[in-house]
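*Asks:* Following this line is coords17.txt, made up of compact mmCIF, C-alpha atoms and all ligand atoms:
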```
# COMPACT_ATOMS: atom_id res chain seq x y z
CA MET G 115 50.58 -6.21 -49.96
CA SER G 116 48.72 -6.74 -46.68
CA ARG G 117 45.59 -8.89 -46.65
CA ASN G 118 43.22 -5.94 -46.09
CA ARG G 119 44.76 -3.87 -48.85
CA GLU G 120 44.61 -6.83 -51.17
CA LEU G 121 40.91 -7.32 -50.39
CA ALA G 122 40.19 -3.59 -50.86
CA PHE G 123 42.02 -3.74 -54.21
CA LYS G 124 39.86 -6.69 -55.28
CA TYR G 125 36.66 -4.83 -54.36
CA LEU G 126 37.90 -1.84 -56.33
CA LEU G 127 38.73 -4.06 -59.32
CA ALA G 128 35.27 -5.73 -59.22
CA GLY G 129 33.55 -2.32 -58.91
CA VAL G 130 35.57 -0.87 -61.79
CA SER G 131 34.86 -3.94 -63.96
CA ALA G 132 31.09 -3.62 -63.31
CA VAL G 133 31.07 0.12 -64.09
CA GLY G 134 33.24 -0.61 -67.19
CA ALA G 135 30.76 -3.28 -68.31
CA LEU G 136 27.83 -0.79 -67.98
CA LEU G 137 29.76 1.85 -69.96
CA LEU G 138 30.57 -0.74 -72.63
CA ARG G 139 26.86 -1.66 -72.81
CA GLU G 140 26.10 2.03 -73.23
CA ALA G 141 28.71 2.30 -75.98
CA LEU G 142 27.23 -0.72 -77.74
CA GLY G 143 23.72 0.82 -77.51
CA PRO G 144 23.53 1.65 -81.23
CA ALA G 145 24.27 -2.00 -82.07
CA PHE G 146 22.19 -3.73 -79.37
CA GLY G 147 19.30 -1.28 -79.12
CA VAL G 148 17.00 -2.32 -76.24
CA HIS G 149 18.09 -5.96 -76.50
CA TYR G 150 20.75 -7.87 -74.50
CA PRO G 151 20.94 -5.62 -71.43
CA TYR G 152 22.96 -8.21 -69.45
CA HIS G 153 25.61 -9.28 -71.99
CA THR G 154 28.49 -7.00 -71.02
CA VAL G 155 27.78 -7.33 -67.29
CA TRP G 156 28.31 -11.10 -67.56
CA LEU G 157 31.95 -10.34 -68.40
CA ALA G 158 32.33 -8.30 -65.21
CA VAL G 159 30.67 -11.07 -63.15
CA ILE G 160 32.91 -13.80 -64.65
CA PHE G 161 36.03 -11.67 -64.19
CA SER G 162 35.17 -10.86 -60.55
CA ALA G 163 34.21 -14.46 -59.74
CA TRP G 164 37.46 -15.74 -61.24
CA TYR G 165 39.95 -13.27 -59.83
CA CYS G 166 38.40 -11.35 -56.93
CA GLY G 167 36.35 -13.72 -54.73
CA VAL G 168 32.79 -13.88 -53.42
CA GLY G 169 32.49 -10.45 -51.76
CA PRO G 170 33.81 -8.42 -54.71
CA SER G 171 31.67 -10.54 -57.09
CA VAL G 172 28.54 -9.68 -55.08
CA LEU G 173 29.51 -6.00 -55.37
CA ALA G 174 29.99 -6.37 -59.16
CA ILE G 175 26.58 -8.09 -59.46
CA ALA G 176 24.90 -5.39 -57.32
CA ILE G 177 26.44 -2.55 -59.37
CA GLY G 178 25.71 -4.33 -62.65
CA MET G 179 22.15 -5.14 -61.71
CA THR G 180 21.42 -1.61 -60.43
CA GLY G 181 22.90 -0.09 -63.61
CA ILE G 182 20.92 -2.43 -65.85
CA TRP G 183 17.73 -1.76 -63.86
CA TYR G 184 18.18 1.99 -64.18
CA TRP G 185 19.57 2.43 -67.67
CA PHE G 186 18.83 -0.57 -69.81
CA LEU G 187 15.41 -1.87 -68.75
CA PRO G 188 12.28 -0.01 -69.82
CA PRO G 189 11.20 2.46 -68.61
CA PHE G 190 14.81 3.72 -69.16
CA ASN G 191 16.68 6.07 -66.80
CA SER G 192 14.25 5.25 -63.97
CA PHE G 193 14.02 2.93 -60.92
CA SER G 194 10.24 2.70 -61.28
CA ALA G 195 8.56 -0.70 -61.52
CA LYS G 196 9.28 -2.85 -64.58
CA ASP G 197 7.07 -5.49 -66.13
CA HIS G 198 7.16 -9.13 -65.01
CA THR G 199 9.36 -10.30 -67.98
CA GLU G 200 12.09 -7.95 -66.76
CA TYR G 201 11.75 -9.32 -63.20
CA PHE G 202 12.09 -12.81 -64.55
CA GLY G 203 15.19 -11.82 -66.57
CA MET G 204 16.63 -10.27 -63.42
CA VAL G 205 16.08 -13.47 -61.41
CA ILE G 206 17.74 -15.55 -64.15
CA PHE G 207 20.68 -13.11 -64.16
CA LEU G 208 21.05 -13.43 -60.39
CA ALA G 209 20.79 -17.25 -60.48
CA PHE G 210 23.40 -17.63 -63.24
CA SER G 211 25.63 -15.10 -61.53
CA ALA G 212 25.40 -17.15 -58.32
CA VAL G 213 26.46 -20.29 -60.24
CA ILE G 214 29.39 -18.43 -61.85
CA VAL G 215 30.51 -17.06 -58.47
CA ALA G 216 30.27 -20.55 -56.90
CA LEU G 217 32.35 -22.07 -59.72
CA GLY G 218 34.87 -19.26 -59.54
CA GLU G 219 35.20 -19.65 -55.78
CA ALA G 220 35.67 -23.42 -56.08
CA ASN G 221 38.35 -22.85 -58.68
CA ARG G 222 40.06 -20.19 -56.57
CA ARG G 223 40.07 -22.44 -53.51
CA SER G 224 41.55 -25.38 -55.37
CA THR G 225 44.20 -23.08 -56.88
CA ALA G 226 44.98 -21.74 -53.40
CA ARG G 227 45.25 -25.30 -52.03
CA ARG G 228 47.56 -26.29 -54.88
CA GLN G 229 49.72 -23.21 -54.35
CA GLN G 230 49.88 -23.94 -50.63
CA ALA G 231 50.87 -27.54 -51.31
CA GLU G 232 53.52 -26.36 -53.77
CA GLU G 233 54.81 -23.87 -51.25
CA GLU G 234 54.99 -26.56 -48.54
CA LEU G 235 56.78 -28.87 -50.95
CA ARG G 236 59.26 -26.15 -51.83
CA LYS G 237 59.89 -25.46 -48.13
CA ALA G 238 60.33 -29.17 -47.38
CA HIS G 239 62.72 -29.42 -50.31
CA GLU G 240 64.73 -26.45 -49.08
CA GLU G 241 64.80 -27.89 -45.56
CA LEU G 242 66.00 -31.22 -46.90
CA GLU G 243 68.69 -29.54 -48.95
CA ASP G 244 69.83 -27.58 -45.89
CA ARG G 245 69.97 -30.77 -43.84
CA VAL G 246 71.92 -32.60 -46.55
CA LYS G 247 74.36 -29.69 -46.72
CA GLN G 248 74.66 -29.69 -42.94
CA ARG G 249 75.22 -33.46 -42.81
CA THR G 250 77.76 -33.29 -45.65
CA ALA G 251 79.65 -30.57 -43.81
CA GLU G 252 79.53 -32.62 -40.58
CA LEU G 253 80.75 -35.70 -42.42
CA GLN G 254 83.54 -33.74 -44.03
CA ARG G 255 84.58 -32.32 -40.66
CA ALA G 256 84.52 -35.81 -39.13
CA GLN G 257 86.59 -37.17 -42.02
CA GLU G 258 89.09 -34.34 -41.70
CA ALA G 259 89.31 -34.95 -37.95
CA ALA G 260 89.85 -38.69 -38.54
CA HIS G 261 92.59 -37.97 -41.10
CA ALA G 262 94.24 -35.48 -38.79
CA LEU G 263 94.05 -37.99 -35.95
CA SER G 264 95.52 -40.86 -37.93
CA ALA G 265 98.27 -38.59 -39.29
CA ARG G 266 99.04 -37.57 -35.71
CA ILE G 267 99.06 -41.20 -34.54
CA LEU G 268 101.47 -42.15 -37.32
CA THR G 269 103.75 -39.24 -36.47
CA LEU G 270 103.69 -40.19 -32.81
CA GLN G 271 104.40 -43.80 -33.73
CA ASP G 272 107.40 -42.69 -35.81
CA GLU G 273 108.68 -40.49 -32.98
CA GLU G 274 108.19 -43.32 -30.51
CA ARG G 275 110.06 -45.76 -32.72
CA ARG G 276 112.88 -43.27 -33.25
CA HIS G 277 113.05 -42.69 -29.49
CA ILE G 278 113.10 -46.43 -28.64
CA ALA G 279 115.63 -47.11 -31.40
CA ARG G 280 117.94 -44.43 -30.06
CA GLY G 281 117.47 -45.67 -26.48
CA LEU G 282 118.31 -49.23 -27.50
CA HIS G 283 121.34 -48.16 -29.47
CA ASP G 284 122.78 -45.42 -27.27
CA SER G 285 121.93 -46.76 -23.85
CA LEU G 286 121.40 -50.52 -23.80
CA GLY G 287 123.89 -51.02 -26.64
CA GLN G 288 126.59 -49.07 -24.80
CA TYR G 289 126.04 -50.98 -21.53
CA LEU G 290 126.21 -54.28 -23.37
CA SER G 291 129.44 -53.18 -25.09
CA ALA G 292 130.94 -52.22 -21.71
CA LEU G 293 129.83 -55.60 -20.30
CA LYS G 294 131.44 -57.36 -23.23
CA ILE G 295 134.73 -55.54 -22.66
CA ASN G 296 134.75 -56.52 -18.97
CA LEU G 297 133.90 -60.12 -19.77
CA GLY G 298 136.72 -60.08 -22.34
CA LEU G 299 139.08 -58.92 -19.59
CA PHE G 300 137.91 -61.77 -17.31
CA ALA G 301 138.40 -64.25 -20.10
CA ALA G 302 141.85 -62.87 -20.88
CA ALA G 303 142.86 -62.99 -17.18
CA GLY G 304 142.58 -66.78 -17.27
CA GLY G 305 141.63 -68.81 -14.23
CA LYS G 306 138.90 -71.35 -13.75
CA GLU G 307 136.05 -69.05 -14.81
CA ALA G 308 137.80 -67.86 -18.00
CA ALA G 309 135.90 -70.29 -20.24
CA ARG G 310 132.55 -69.26 -18.74
CA ALA G 311 133.46 -65.58 -19.11
CA ALA G 312 134.28 -66.18 -22.80
CA GLU G 313 130.95 -67.92 -23.21
CA CYS G 314 129.13 -65.01 -21.56
CA SER G 315 131.02 -62.64 -23.80
CA GLU G 316 129.71 -64.49 -26.86
CA ILE G 317 126.14 -64.29 -25.54
CA VAL G 318 126.55 -60.58 -24.90
CA GLU G 319 127.91 -60.17 -28.43
CA LYS G 320 124.69 -61.81 -29.75
CA CYS G 321 122.66 -59.45 -27.55
CA ILE G 322 124.55 -56.48 -29.00
CA ILE G 323 123.85 -57.65 -32.56
CA GLU G 324 120.20 -58.34 -31.78
CA THR G 325 119.77 -54.97 -30.04
CA ARG G 326 121.34 -53.18 -32.97
CA THR G 327 119.13 -55.04 -35.47
CA ILE G 328 115.97 -54.24 -33.53
CA SER G 329 117.07 -50.64 -33.14
CA TYR G 330 117.85 -50.29 -36.86
CA LEU G 331 114.61 -51.95 -37.88
CA LEU G 332 112.65 -49.60 -35.66
CA HIS G 333 114.32 -46.59 -37.19
CA PRO G 334 117.35 -47.05 -39.42
CA PRO G 335 119.93 -44.33 -38.80
CA LEU G 336 120.79 -44.57 -42.50
CA LEU G 337 117.43 -43.03 -43.33
CA ASP G 338 118.26 -39.78 -41.53
CA GLU G 339 121.92 -39.79 -42.50
CA MET G 340 121.96 -41.03 -46.11
CA GLY G 341 118.35 -40.90 -47.24
CA PHE G 342 115.73 -43.28 -48.61
CA ALA G 343 117.85 -45.00 -51.27
CA SER G 344 120.55 -46.18 -48.82
CA ALA G 345 118.04 -47.16 -46.13
CA ALA G 346 115.94 -49.09 -48.68
CA ARG G 347 119.01 -50.98 -50.00
CA TRP G 348 120.06 -51.84 -46.46
CA TYR G 349 116.57 -52.98 -45.47
CA VAL G 350 115.99 -55.00 -48.65
CA ASP G 351 119.34 -56.83 -48.23
CA GLY G 352 118.51 -57.74 -44.64
CA PHE G 353 114.94 -58.76 -45.54
CA ALA G 354 116.11 -61.01 -48.40
CA ARG G 355 118.67 -62.64 -46.10
CA ARG G 356 116.22 -63.21 -43.25
CA SER G 357 113.24 -64.34 -45.34
CA GLY G 358 114.86 -66.15 -48.27
CA ILE G 359 112.64 -64.11 -50.63
CA GLN G 360 114.43 -62.75 -53.68
CA VAL G 361 114.05 -58.95 -53.88
CA ASN G 362 114.92 -56.91 -56.94
CA LEU G 363 115.27 -53.21 -56.09
CA ASN G 364 115.31 -50.69 -58.97
CA LEU G 365 116.20 -47.18 -57.90
CA PRO G 366 117.04 -44.18 -60.12
CA GLU G 367 120.84 -43.90 -60.46
CA GLN G 368 121.09 -40.80 -58.34
CA LEU G 369 118.10 -40.34 -56.12
CA PRO G 370 118.65 -37.03 -54.30
CA ARG G 371 117.50 -36.44 -50.75
CA LEU G 372 113.76 -35.95 -50.48
CA GLN G 373 111.90 -34.17 -47.73
CA ARG G 374 112.17 -36.02 -44.43
CA ASP G 375 108.56 -37.13 -44.06
CA LEU G 376 108.46 -38.33 -47.68
CA GLU G 377 111.58 -40.43 -47.21
CA LEU G 378 110.13 -41.88 -44.02
CA ALA G 379 106.76 -42.63 -45.71
CA LEU G 380 108.48 -44.39 -48.64
CA PHE G 381 110.68 -46.39 -46.30
CA ARG G 382 107.74 -47.44 -44.13
CA ALA G 383 105.84 -48.44 -47.29
CA VAL G 384 108.71 -50.70 -48.39
CA GLN G 385 108.97 -52.12 -44.89
CA GLU G 386 105.21 -52.82 -44.58
CA ALA G 387 104.81 -54.19 -48.10
CA LEU G 388 107.76 -56.58 -47.68
CA THR G 389 106.49 -57.69 -44.29
CA ASN G 390 103.10 -58.37 -45.90
CA VAL G 391 104.75 -60.38 -48.68
CA HIS G 392 106.51 -62.49 -46.08
CA ARG G 393 103.46 -62.89 -43.84
CA HIS G 394 100.63 -63.28 -46.33
CA SER G 395 101.72 -63.89 -49.91
CA ASP G 396 103.70 -67.12 -49.92
CA GLY G 397 105.60 -65.60 -52.86
CA SER G 398 109.24 -66.13 -53.75
CA ARG G 399 110.08 -62.93 -55.63
CA VAL G 400 109.47 -59.23 -55.13
CA GLY G 401 110.21 -56.34 -57.47
CA ILE G 402 110.52 -52.82 -56.07
CA ASP G 403 110.64 -49.95 -58.55
CA VAL G 404 111.10 -46.31 -57.76
CA VAL G 405 110.42 -43.94 -60.63
CA VAL G 406 110.75 -40.18 -60.42
CA GLY G 407 108.51 -38.32 -62.87
CA PRO G 408 108.17 -34.62 -63.65
CA ARG G 409 105.94 -33.98 -60.68
CA GLN G 410 105.82 -37.13 -58.61
CA ILE G 411 107.64 -40.11 -57.26
CA ARG G 412 106.14 -43.54 -57.78
CA LEU G 413 106.98 -46.58 -55.70
CA ALA G 414 105.69 -49.96 -56.88
CA ILE G 415 106.15 -53.18 -54.92
CA LYS G 416 105.07 -56.31 -56.75
CA ASP G 417 105.19 -59.89 -55.57
CA ASN G 418 104.45 -63.20 -57.24
CA GLY G 419 102.40 -64.57 -54.35
CA ARG G 420 98.85 -65.88 -54.07
CA GLY G 421 97.23 -62.41 -54.01
CA ILE G 422 94.80 -60.82 -51.60
CA PRO G 423 91.49 -62.70 -51.25
CA PRO G 424 88.91 -60.84 -53.45
CA GLU G 425 86.48 -59.95 -50.65
CA ARG G 426 89.31 -58.60 -48.50
CA LEU G 427 90.68 -56.65 -51.45
CA ARG G 428 87.23 -55.15 -52.03
CA ALA G 429 87.01 -54.14 -48.37
CA LEU G 430 90.50 -52.66 -48.52
CA LEU G 431 89.72 -50.63 -51.63
CA GLN G 432 86.31 -49.43 -50.46
CA THR G 433 86.75 -48.69 -46.79
CA GLY G 434 90.47 -48.59 -46.34
CA GLY G 435 90.54 -51.99 -44.76
CA GLU G 436 89.23 -53.96 -41.85
CA ALA G 437 92.03 -56.48 -41.38
CA GLY G 438 95.16 -54.72 -40.21
CA VAL G 439 96.52 -51.24 -40.03
CA GLY G 440 99.49 -51.80 -42.34
CA LEU G 441 97.99 -50.88 -45.71
CA ALA G 442 95.57 -48.38 -44.15
CA GLY G 443 98.47 -46.64 -42.42
CA MET G 444 100.43 -46.63 -45.67
CA ARG G 445 97.47 -45.00 -47.44
CA GLU G 446 97.15 -42.38 -44.68
CA ARG G 447 100.83 -41.50 -44.94
CA MET G 448 100.56 -41.05 -48.71
CA ARG G 449 97.34 -39.04 -48.42
CA ASP G 450 98.94 -36.82 -45.81
CA LEU G 451 101.66 -36.00 -48.34
CA GLY G 452 99.08 -35.28 -51.06
CA GLY G 453 99.58 -38.65 -52.75
CA SER G 454 97.67 -41.88 -53.11
CA LEU G 455 97.97 -45.63 -52.71
CA GLU G 456 96.71 -48.19 -55.19
CA ILE G 457 96.45 -51.92 -54.62
CA GLU G 458 96.17 -54.38 -57.49
CA SER G 459 95.94 -58.05 -56.75
CA ASP G 460 94.98 -61.31 -58.39
CA SER G 461 95.98 -64.94 -58.14
CA LEU G 462 99.35 -64.13 -59.78
CA GLY G 463 100.42 -61.66 -57.14
CA THR G 464 99.94 -58.28 -55.53
CA THR G 465 101.18 -54.86 -56.50
CA VAL G 466 101.11 -51.93 -54.13
CA ILE G 467 101.71 -48.58 -55.81
CA ALA G 468 102.35 -45.39 -53.88
CA THR G 469 102.38 -42.12 -55.80
CA VAL G 470 103.40 -38.89 -54.09
CA PRO G 471 103.95 -35.40 -55.52
CA ILE G 472 107.44 -34.01 -55.13
CA ARG G 473 108.76 -30.48 -54.99
CA GLU G 474 109.37 -28.83 -58.37
CA GLU G 475 113.05 -28.09 -57.78
CA LEU G 476 113.63 -31.77 -57.00
CA ALA G 477 111.73 -32.97 -60.06
CA SER G 478 113.77 -30.67 -62.31
CA THR G 479 116.98 -32.46 -61.26
CA PHE G 480 115.67 -35.50 -63.14
CA SER G 481 115.94 -35.67 -66.93
CA PRO G 482 113.12 -37.51 -68.78
CA GLU G 483 115.50 -40.37 -69.65
CA GLU G 484 115.71 -41.22 -66.00
CA GLU G 485 111.99 -41.86 -65.95
CA SER G 486 112.45 -45.51 -66.58
CA VAL G 487 109.24 -47.44 -66.69
CA ALA G 488 108.79 -49.68 -63.69
CA LYS G 489 110.12 -53.13 -64.33
CA VAL G 490 108.76 -55.47 -61.78
CA ALA G 491 109.50 -59.03 -61.00
CA SER G 492 107.59 -61.28 -63.30
N1 LIG G 501 101.32 -59.12 -50.53
C1 LIG G 501 100.17 -59.66 -50.07
N2 LIG G 501 99.78 -60.87 -50.52
C2 LIG G 501 98.64 -61.45 -50.08
N3 LIG G 501 97.79 -60.85 -49.20
C3 LIG G 501 98.13 -59.65 -48.72
C4 LIG G 501 99.33 -58.97 -49.13
N4 LIG G 501 99.38 -57.76 -48.50
C5 LIG G 501 98.26 -57.70 -47.73
N5 LIG G 501 97.53 -58.81 -47.85
C6 LIG G 501 96.20 -59.06 -47.24
O1 LIG G 501 95.66 -57.81 -46.89
C7 LIG G 501 95.36 -57.78 -45.50
C8 LIG G 501 95.62 -56.39 -44.95
O2 LIG G 501 97.01 -56.11 -44.88
P1 LIG G 501 97.53 -55.10 -43.79
O3 LIG G 501 98.99 -54.93 -43.97
O4 LIG G 501 96.69 -53.88 -43.84
O5 LIG G 501 97.21 -55.84 -42.44
P2 LIG G 501 97.97 -57.06 -41.73
O6 LIG G 501 99.28 -57.28 -42.42
O7 LIG G 501 97.04 -58.20 -41.67
O8 LIG G 501 98.21 -56.51 -40.27
P3 LIG G 501 99.25 -55.39 -39.80
O9 LIG G 501 99.94 -54.87 -41.02
O10 LIG G 501 98.40 -54.36 -39.15
O11 LIG G 501 100.18 -56.05 -38.87
C9 LIG G 501 96.21 -58.85 -44.88
O12 LIG G 501 95.61 -59.35 -43.73
C10 LIG G 501 96.30 -59.91 -45.97
O13 LIG G 501 95.17 -60.73 -45.96
MG MG G 502 100.62 -55.73 -42.78
```
Produce structure tokens that represent the structure in this file.

*Replies:*
Amino acid sequence: MSRNRELAFKYLLAGVSAVGALLLREALGPAFGVHYPYHTVWLAVIFSAWYCGVGPSVLAIAIGMTGIWYWFLPPFNSFSAKDHTEYFGMVIFLAFSAVIVALGEANRRSTARRQQAEEELRKAHEELEDRVKQRTAELQRAQEAAHALSARILTLQDEERRHIARGLHDSLGQYLSALKINLGLFAAAGGKEAARAAECSEIVEKCIIETRTISYLLHPPLLDEMGFASAARWYVDGFARRSGIQVNLNLPEQLPRLQRDLELALFRAVQEALTNVHRHSDGSRVGIDVVVGPRQIRLAIKDNGRGIPPERLRALLQTGGEAGVGLAGMRERMRDLGGSLEIESDSLGTTVIATVPIREELASTFSPEEESVAKVAS
């Protein structure tokens, strides 16, 4: 309703209430007689003052007063002069009406102010909610972008490692092998440089072994050819030999091939966790357990080292870490595959647990008996 129409409606309402009050007074004539001419009109004045405002109230008072003057004050049904008691009554009526209108207006204004304040509050609340929603969406987008970026970086890192590993093996390795053959020929030919050639051949042999080790550590060919189980056994053997740390690897009897990125993620997790044990834990034993459940594969790596310092562990669990990228990268890989990474650590050692969902057809190849509970090094 527009403002003008609303005002017109209020005037109409006040007018109707005043006329209604006069008619009511007329209807109550037999009961009131010539007494109480103003009683019913008070109702119209109060109603108009409360709901309609100053202007409509003045209209109601004017109509009421005119009606009373004409019909209910002697001489009746006439506008001719009344006696001074009636004038006095009229003045009292006007004065009280003015007070009622003033009170009504004050009440209406305070109600209007309260409603306005409530409306402003509601708007501010809505605005705040919109901004929170907007910020949440922005945050979510930023998080998604960060995840996508880290997943991309890890993929690129894997590709890079694979590329360098292949280059070392296929190119540098082949040249070194050719060099070794030629040096072998020199050594076999005899002469005064034969001993030096044999010595060079031995050095080249060491280079070949070293190159192959670096290449295999960067990206073991076994992982692509034979799968996670073989690559993990190969890596664990080499790690135990190099570090002197005893590693107990428990794999399901027949672990079938998993999807390529899952095998790579599991292998990198073993690699990173063992490197961490060697670098940070000061432990002497590690237990690695791989358990395939109905819907997921679980890899747990537990050491008997000194544990992660509590404040660093808290930072790692809350923010994903501030120290290195090893555990954070591991978590990203698992998250990218729909899985998760848990870290438990105290003064008796650290356990890193990666859980990743696996495809249904793969899970169904495992019977429940094969779901052996992880037995970790104690
Ligand atoms: N097995 C462990 N025992 C004791 N402390 C550990 C172990 N694994 C990790 N930590 C602690 O957690 C921190 C974070 O490990 P993370 O692998 O993320 O980084 P980093 O090994 O320091 O560096 P990066 O892996 O990037 O080379 C380590 O700096 C170390 O303090
Ligand atoms: Mg690390």

*Asks:* Using all atoms listed in the file, find each residue of chain G with at least one atom at most 9 Å away from an atom of ligand LIG 501 (chain G); report its shortest atom-to-atom pair and that distance in Å (one decimal), sort the rows by chain and rising residue number, and return the result as a Markdown table.

*Replies:*
```
| residue | atom | partner | partner_atom | distance |
| --- | --- | --- | --- | --- |
| G:Glu386 | CA | G:LIG501 | O3 | 6.6 |
| G:Ala387 | CA | G:LIG501 | N4 | 6.5 |
| G:Leu388 | CA | G:LIG501 | N1 | 7.5 |
| G:Thr389 | CA | G:LIG501 | O6 | 7.5 |
| G:Asn390 | CA | G:LIG501 | N4 | 4.6 |
| G:Val391 | CA | G:LIG501 | N1 | 4.1 |
| G:His392 | CA | G:LIG501 | N1 | 7.6 |
| G:Arg393 | CA | G:LIG501 | O6 | 7.1 |
| G:His394 | CA | G:LIG501 | C2 | 4.6 |
| G:Ser395 | CA | G:LIG501 | N2 | 3.6 |
| G:Asp396 | CA | G:LIG501 | N2 | 7.4 |
| G:Gly397 | CA | G:LIG501 | N2 | 7.9 |
| G:Ile415 | CA | G:LIG501 | N1 | 8.8 |
| G:Lys416 | CA | G:LIG501 | N1 | 7.8 |
| G:Asp417 | CA | G:LIG501 | N1 | 6.4 |
| G:Asn418 | CA | G:LIG501 | N1 | 8.5 |
| G:Gly419 | CA | G:LIG501 | N2 | 5.9 |
| G:Arg420 | CA | G:LIG501 | C2 | 6.0 |
| G:Gly421 | CA | G:LIG501 | C2 | 4.3 |
| G:Ile422 | CA | G:LIG501 | N3 | 3.8 |
| G:Pro423 | CA | G:LIG501 | O13 | 6.7 |
| G:Arg426 | CA | G:LIG501 | O1 | 6.6 |
| G:Leu427 | CA | G:LIG501 | O1 | 6.9 |
| G:Leu430 | CA | G:LIG501 | C8 | 7.3 |
| G:Gly434 | CA | G:LIG501 | O4 | 8.5 |
| G:Gly435 | CA | G:LIG501 | O4 | 6.5 |
| G:Glu436 | CA | G:LIG501 | C8 | 7.5 |
| G:Ala437 | CA | G:LIG501 | C8 | 5.1 |
| G:Gly438 | CA | G:LIG501 | O5 | 3.2 |
| G:Val439 | CA | G:LIG501 | O10 | 3.7 |
| G:Gly440 | CA | G:LIG501 | O9 | 3.4 |
| G:Leu441 | CA | G:LIG501 | O4 | 3.8 |
| G:Ala442 | CA | G:LIG501 | O4 | 5.6 |
| G:Gly443 | CA | G:LIG501 | O4 | 7.6 |
| G:Met444 | CA | G:LIG501 | O4 | 8.4 |
| G:Ile457 | CA | G:LIG501 | N4 | 9.0 |
| G:Ser459 | CA | G:LIG501 | N2 | 7.8 |
| G:Gly463 | CA | G:LIG501 | N2 | 6.7 |
| G:Thr464 | CA | G:LIG501 | N1 | 5.3 |
| G:Thr465 | CA | G:LIG501 | N1 | 7.3 |
| G:Val466 | CA | G:LIG501 | N1 | 8.0 |
```

*Asks:* Selected residues, C-alpha atoms, written as a PDB file, in the coordinates of the input, please.

*Replies:*
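Contents of the output file again.pdb:
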```pdb
ATOM      1  CA  GLU G 386     105.210 -52.820 -44.580  1.00  0.00           C
ATOM      2  CA  ALA G 387     104.810 -54.190 -48.100  1.00  0.00           C
ATOM      3  CA  LEU G 388     107.760 -56.580 -47.680  1.00  0.00           C
ATOM      4  CA  THR G 389     106.490 -57.690 -44.290  1.00  0.00           C
ATOM      5  CA  ASN G 390     103.100 -58.370 -45.900  1.00  0.00           C
ATOM      6  CA  VAL G 391     104.750 -60.380 -48.680  1.00  0.00           C
ATOM      7  CA  HIS G 392     106.510 -62.490 -46.080  1.00  0.00           C
ATOM      8  CA  ARG G 393     103.460 -62.890 -43.840  1.00  0.00           C
ATOM      9  CA  HIS G 394     100.630 -63.280 -46.330  1.00  0.00           C
ATOM     10  CA  SER G 395     101.720 -63.890 -49.910  1.00  0.00           C
ATOM     11  CA  ASP G 396     103.700 -67.120 -49.920  1.00  0.00           C
ATOM     12  CA  GLY G 397     105.600 -65.600 -52.860  1.00  0.00           C
ATOM     13  CA  ILE G 415     106.150 -53.180 -54.920  1.00  0.00           C
ATOM     14  CA  LYS G 416     105.070 -56.310 -56.750  1.00  0.00           C
ATOM     15  CA  ASP G 417     105.190 -59.890 -55.570  1.00  0.00           C
ATOM     16  CA  ASN G 418     104.450 -63.200 -57.240  1.00  0.00           C
ATOM     17  CA  GLY G 419     102.400 -64.570 -54.350  1.00  0.00           C
ATOM     18  CA  ARG G 420      98.850 -65.880 -54.070  1.00  0.00           C
ATOM     19  CA  GLY G 421      97.230 -62.410 -54.010  1.00  0.00           C
ATOM     20  CA  ILE G 422      94.800 -60.820 -51.600  1.00  0.00           C
ATOM     21  CA  PRO G 423      91.490 -62.700 -51.250  1.00  0.00           C
ATOM     22  CA  ARG G 426      89.310 -58.600 -48.500  1.00  0.00           C
ATOM     23  CA  LEU G 427      90.680 -56.650 -51.450  1.00  0.00           C
ATOM     24  CA  LEU G 430      90.500 -52.660 -48.520  1.00  0.00           C
ATOM     25  CA  GLY G 434      90.470 -48.590 -46.340  1.00  0.00           C
ATOM     26  CA  GLY G 435      90.540 -51.990 -44.760  1.00  0.00           C
ATOM     27  CA  GLU G 436      89.230 -53.960 -41.850  1.00  0.00           C
ATOM     28  CA  ALA G 437      92.030 -56.480 -41.380  1.00  0.00           C
ATOM     29  CA  GLY G 438      95.160 -54.720 -40.210  1.00  0.00           C
ATOM     30  CA  VAL G 439      96.520 -51.240 -40.030  1.00  0.00           C
ATOM     31  CA  GLY G 440      99.490 -51.800 -42.340  1.00  0.00           C
ATOM     32  CA  LEU G 441      97.990 -50.880 -45.710  1.00  0.00           C
ATOM     33  CA  ALA G 442      95.570 -48.380 -44.150  1.00  0.00           C
ATOM     34  CA  GLY G 443      98.470 -46.640 -42.420  1.00  0.00           C
ATOM     35  CA  MET G 444     100.430 -46.630 -45.670  1.00  0.00           C
ATOM     36  CA  ILE G 457      96.450 -51.920 -54.620  1.00  0.00           C
ATOM     37  CA  SER G 459      95.940 -58.050 -56.750  1.00  0.00           C
ATOM     38  CA  GLY G 463     100.420 -61.660 -57.140  1.00  0.00           C
ATOM     39  CA  THR G 464      99.940 -58.280 -55.530  1.00  0.00           C
ATOM     40  CA  THR G 465     101.180 -54.860 -56.500  1.00  0.00           C
ATOM     41  CA  VAL G 466     101.110 -51.930 -54.130  1.00  0.00           C
TER      42      VAL G 466
END
```

*Asks:* Write out as a list in words which residues come within 6 Å of Phe186 (chain G) when counting only C-alpha atoms, dropping same-chain ones fewer than 3 positions away.

*Replies:*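 Once the nearby chain positions are removed, what remains is Pro151, Ile182 and Phe190 of chain G.
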
*Asks:* Could you pull out every residue with an atom within 9 Å of (119.5, -47.0, -38.0), file coordinates, counting only C-alpha atoms, and send them as a list in words?

*Replies:*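 Applying the cut-off with only C-alpha atoms, one gets Arg276, Ala279, Arg280, His283, Arg326, Thr327, Ser329, Tyr330, Leu331, Leu332, His333, Pro334, Pro335, Leu336, Leu337, Asp338, Glu339 and Ala345 of chain G.
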